[in-house]
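Down below is the structure, laid out as structure tokens.
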Number of protein chains: 4
Amino acid sequence: VQHNLHCIALGTKLGARSHTVWIGDGGNFPGQVHLRRALERYLDSLREIYAALPGGWRLFIEHKLYEPAFYSTVLNDWGTSYHCVRELGEQAFSLVDLGHHAPNVNIEMIVARLIQFGTLGGFHFNDSKYGDDDLDAGSIKPFQLFLIFNELVDAERDGLPGFAPAYMLDQSHNVTDPLESLMVSAAEVTRAYVQAHLVDRAELAEHQERNDALMARETLKQAFRTDVEPILAMARSRAGGAIDPVSTYRASGYRETAARARPASSRAGAGIV
Amino acid sequence: VQHNLHCIALGTKLGARSHTVWIGDGGNFPGQVHLRRALERYLDSLREIYAALPGGWRLFIEHKLYEPAFYSTVLNDWGTSYHCVRELGEQAFSLVDLGHHAPNVNIEMIVARLIQFGTLGGFHFNDSKYGDDDLDAGSIKPFQLFLIFNELVDAERDGLPGFAPAYMLDQSHNVTDPLESLMVSAAEVTRAYVQAHLVDRAELAEHQERNDALMARETLKQAFRTDVEPILAMARSRAGGAIDPVSTYRASGYRETAARARPASSRAGAGIV
Amino acid sequence: VQHNLHCIALGTKLGARSHTVWIGDGGNFPGQVHLRRALERYLDSLREIYAALPGGWRLFIEHKLYEPAFYSTVLNDWGTSYHCVRELGEQAFSLVDLGHHAPNVNIEMIVARLIQFGTLGGFHFNDSKYGDDDLDAGSIKPFQLFLIFNELVDAERDGLPGFAPAYMLDQSHNVTDPLESLMVSAAEVTRAYVQAHLVDRAELAEHQERNDALMARETLKQAFRTDVEPILAMARSRAGGAIDPVSTYRASGYRETAARARPASSRAGAGIV
Amino acid sequence: VQHNLHCIALGTKLGARSHTVWIGDGGNFPGQVHLRRALERYLDSLREIYAALPGGWRLFIEHKLYEPAFYSTVLNDWGTSYHCVRELGEQAFSLVDLGHHAPNVNIEMIVARLIQFGTLGGFHFNDSKYGDDDLDAGSIKPFQLFLIFNELVDAERDGLPGFAPAYMLDQSHNVTDPLESLMVSAAEVTRAYVQAHLVDRAELAEHQERNDALMARETLKQAFRTDVEPILAMARSRAGGAIDPVSTYRASGYRETAARARPASSRAGAGIV
């Protein structure tokens with residue numbers, strides 16, 4: 001609690017407008033933790049932090065299936081997160097990290113639920129095949145990323161009150177240059193957003209109403225398979241950026257220059273949740 | 001809705017005290033169903049059914065990850081079930097079918113959550129290794145069944161208000177005699193209940209308080225590995241039942257007698273959710 | 001065995017060149033089946049069938065994680081399939097159904113293994129999110145389908161001896177017109193094949209050699225996000241087919257005509273493995 | 001390769017009789033690694049190591065689904081391990097780490113396969129609920145551990161030629177005293193071994209032959225639920241050990257004494273595969 005209050009104090013000075021709580025608390029073995037009491041204590045602590053939240057700020061809480069706790073994590077799934085958010089109040093929201101769910105789970109449905117209940121805070125974008133692998137966004141399951149943005153754009157166009165998710169990349173770059181991975185990941189997230197805007201929603205609604213499952217699906221697929229790279233490149237250019245960021249970055253020689261300028265000891269990687 | 005109202009009317013005549021709604025609605029493909037509107041329609045229907053519920057009755061709703069819908073089931077997880085139950089009112093409760101969850105999910109934690117939030121309605125007991133396999137209770141993951149009852153007995157001893165789960169077996173017997181499977185399954189559920197009562201909860205609480213993860217776990221394991229078969233046999237005997245139900249049933253020749261008495265056409269199996 | 005010999009006899013008359021064995025044998029409970037002896041018996045039976053295989057034919061065997069057996073399927077994974085194929089001889093091959101694997105498994109690696117070991121027989125294409133859902137190919141995980149074809153095209157271009165996989169759609173159409181689903185599924189399989197041919201393999205090999213993980217991945221992604229619909233449409237047109245098969249089919253009124261011509265009783269759906 | 005040759009040289013001096021190769025090689029992204037060439041290189045390296053193996057030694061290779069490689073691990077499953085072992089020769093064997101498999105996979109079947117094919121080298125025992133969690137053996141899925149030993153004891157009693165698996169604990173102790181966890185884990189492994197010896201195999205075979213799935217399962221369950229703690233305690237006592245190892249160890253005050261004797265810097269934990 002003290003650490004979080006300190007962060008909020010720092011954030012106030014920095015002009016921040018939100019605070020995220022992630023806690024890996026839990027147990028490795030059956031019996032280690034009393035499941036109900038652990039959640040009570042977690043909520044009691046959150047209430048203290050919430051009470052210190054400045055007006056206009058949002059509090060995000062982040063659930064995770066496992067790791068570092070290997071049997072019972074306190075904030076383990078979106079249902080628990082949703083309960084806590086409702087208990088706390090209107091400034092509390094659920095944060096969705098794409099890698100924090102059980103195998104096979106339909107993440108775009110979780111996003112739709114949190115949108116519908118008015119409690120979606122935002123995202124930690126990344127991708128994974130097995131666990132919380134923190135790979136580059138869109139690198140493994142690009143269609144899933146599109147389907148998540150399909151829900152987001154649908155909510156945006158419906159003008160749902162209070163709908164304002166925060167977007168963050170939360171990745172771990174072990175085999176790539178982190179800057180390059182961030183460039184490409186940002187492009188992948190934008191790509192999914194643009195493709196989701198290409199969905200003909202009037203046509204989609206009509207197919208849904210007529211229960212034409214095949215054409216409804218194809219309406220989404222058509223948007224997904226449209227190559228929007230030219231749109232993304234033009235947008236980058238108009239914003240004063242590089243049409244091809246990775247090539248431009250490589251040509252700049254920045255990495256080599258920065259590597260020479262920094263002592264070796266500070267180049268060690270840092271783990272990210 | 002009409003079908004459910006009809007069931008409630010029949011139940012009233014039969015002296016029932018609860019009504020369970022399970023609906024396999026959903027979509028097989030992305031786009032087929034508008035995720036938010038489908039849940040709205042589901043809730044609207046539930047509200048009509050709930051309004052017709054007699055005083056003193058409980059309404060159970062049952063979530064399921066998938067099947068028959070293969071992409072998006074409307075009531076797909078406990079979080080959605082919890083939301084619906086809260087929307088409906090105090091007579092609505094969540095039902096937990098052990099086979100209706102994603103791989104690796106910690107089901108005893110879901111049970112603990114629903115207990116804590118006062119919304120646990122009861123169980124469809126069965127067991128599974130892969131999907132919603134509807135195998136005999138305790139046949140694949142007996143320790144999981146024990147851990148679920150560990151939560152139930154813990155709540156029972158804490159005297160939580162309104163804690164009164166309904167226990168049902170929901171299994172599909174494809175390679176065994178259904179009556180034999182039901183006998184053994186009932187014994188497995190009772191075994192887990194008795195073993196959970198053997199847990200020394202004062203000692204467990206002390207280990208938890210001192211964060212002695214190993215001894216806390218061993219306190220549970222000691223109860224789990226206690227062979228309570230003599231207790232179960234004595235309880236059956238005192239209740240006027242057979243000490244060894246399956247052997248007694250086989251010796252009775254009931255199956256052969258019943259098979260001869262029934263026309264072949266009525267012996268076909270029936271699917272169970 | 002008798003059934004399979006009969007099928008081979010029929011196939012000979014029909015001019016077939018291959019025979020597929022799929023057996024759902026196994027157990028629902030631990031102990032029901034002796035795991036080693038069950039595989040021995042399975043192999044003994046396969047040897048009898050294999051001995052009857054005409055020259056030039058191929059025998060395909062198909063593994064499946066579970067269902068209808070819910071605990072131990074005899075031919076349960078690709079490793080067991082590979083062992084059996086090696087035991088049988090050079091006319092035996094492993095068939096890969098995309099829905100028959102454990103969650104999270106990397107199916108394109110299984111394909112690469114079977115290619116490398118010279119034992120890939122072919123495919124049952126479909127898609128799934130949870131179990132063996134038999135949904136339309138490419139409808140849930142289109143990038144996975146592309147990655148599988150990336151391995152196939154890579155092997156094709158390497159000119160591996162004996163590489164000649166058989167391609168089949170094995171789907172269950174519950175919410176769509178089966179003919180429409182087959183049209184779109186065939187297009188999806190072809191799309192993945194064409195996209196895999198767009199991969200610049202010289203460039204990819206160079207990135208791999210220099211361990212440039214990001215550019216290697218982007219080389220694949222660039223091919224995957226290329227919209228090849230115009231190529232597919234032109235190919236259909238040149239082959240005398242419809243540019244837009246589903247619209248053409250719907251305009252033809254075939255479904256309504258056929259439905260009127262057939263008695264209701266014959267319209268019931270048929271389960272597919 | 002050089003590192004492995006060095007280890008073998010050291011092992012020769014130490015009187016070792018086996019050498020284990022575990023390599024986390026692989027790729028984090030599609031395209032990063034050419035799947036077939038990576039396995040070829042892996043096999044080429046293994047052949048060099050195998051060539052240096054002294055007579056009478058065994059070479060163990062260990063597969064793992066993922067981690068540290070998050071998309072494609074070179075030795076990713078038992079099928080690939082089995083292929084490599086066959087390629088190498090009669091001194092090569094597959095090692096099974098219980099945490100290195102996809103969700104839902106039937107590990108006792110993998111053990112049975114490797115036994116049947118004569119290529120089972122041994123085990124890294126541990127337990128897990130989600131990923132490669134390296135928890136204490138038997139702490140999460142004790143029935144699975146029993147079923148694995150059921151296969152091992154069955155093979156032992158059948159007197160299969162060359163059957164001599166190596167048993168190792170491979171765990172990571174984050175919330176317990178490592179020595180205590182090792183004591184209890186060793187007891188759990190022994191417990192499963194003793195319980196597997198209690199299975200009435202003549203009766204089991206008869207139930208299997210008559211396809212009596214329920215009684216076959218109950219024959220296993222009866223052995224599993226027998227409390228063999230008195231047998232284990234007596235065996236420990238006869239071997240000159242403590243009847244209750246953890247209590248004895250705690251009473252000895254060893255941990256406190258050792259902690260005082262060691263500088264703080266050497267007490268940091270070490271990662272285990």
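Letters A, B, ... go to the chains of the structure tokens in the order shown; residues in each chain start at 1; ligands are counted from 1 in the same order.
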
### Message
Give me the residues near C:Val105 as a PyMOL selection string, where near means some atom within 12 Å (using only C-alpha atoms) and where sequence neighbours in that chain fewer than 2 positions away do not count.
### Response
(chain A and resi 103-104+129-131) or (chain C and resi 65+77-78+98-103+107-111+144) or (chain D and resi 64-66+70-73+76-77+100-105)

### Query
Counting only C-alpha atoms, which residues from chain B have an atom at most 7 Å from any atom of chain A, and could you show them as number ranges by chain?
B: 29-33, 35-36, 78-79, 102-105, 109, 112, 116, 208, 213, 216-217, 220

### Query
What residues in stretch 156-245 of chain B get the DSSP label alpha helix (DSSP H)? Please answer as a PyMOL selection string.
chain B and resi 156-158+178-198+201-209+213-224+229-238+245

### Message
Between atom CA of B:Ile23 and atom CA of B:His63, what is the distance in Å, rounded to a tenth?
### Response
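Here the two named atoms are 8.4 Å from each other.
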
### Task
Output as a ChimeraX atom specification all residues of stretch 41-144 of chain D that backbone DSSP marks as strand (DSSP E).
/D:58-62,72-73,92-97,120-125
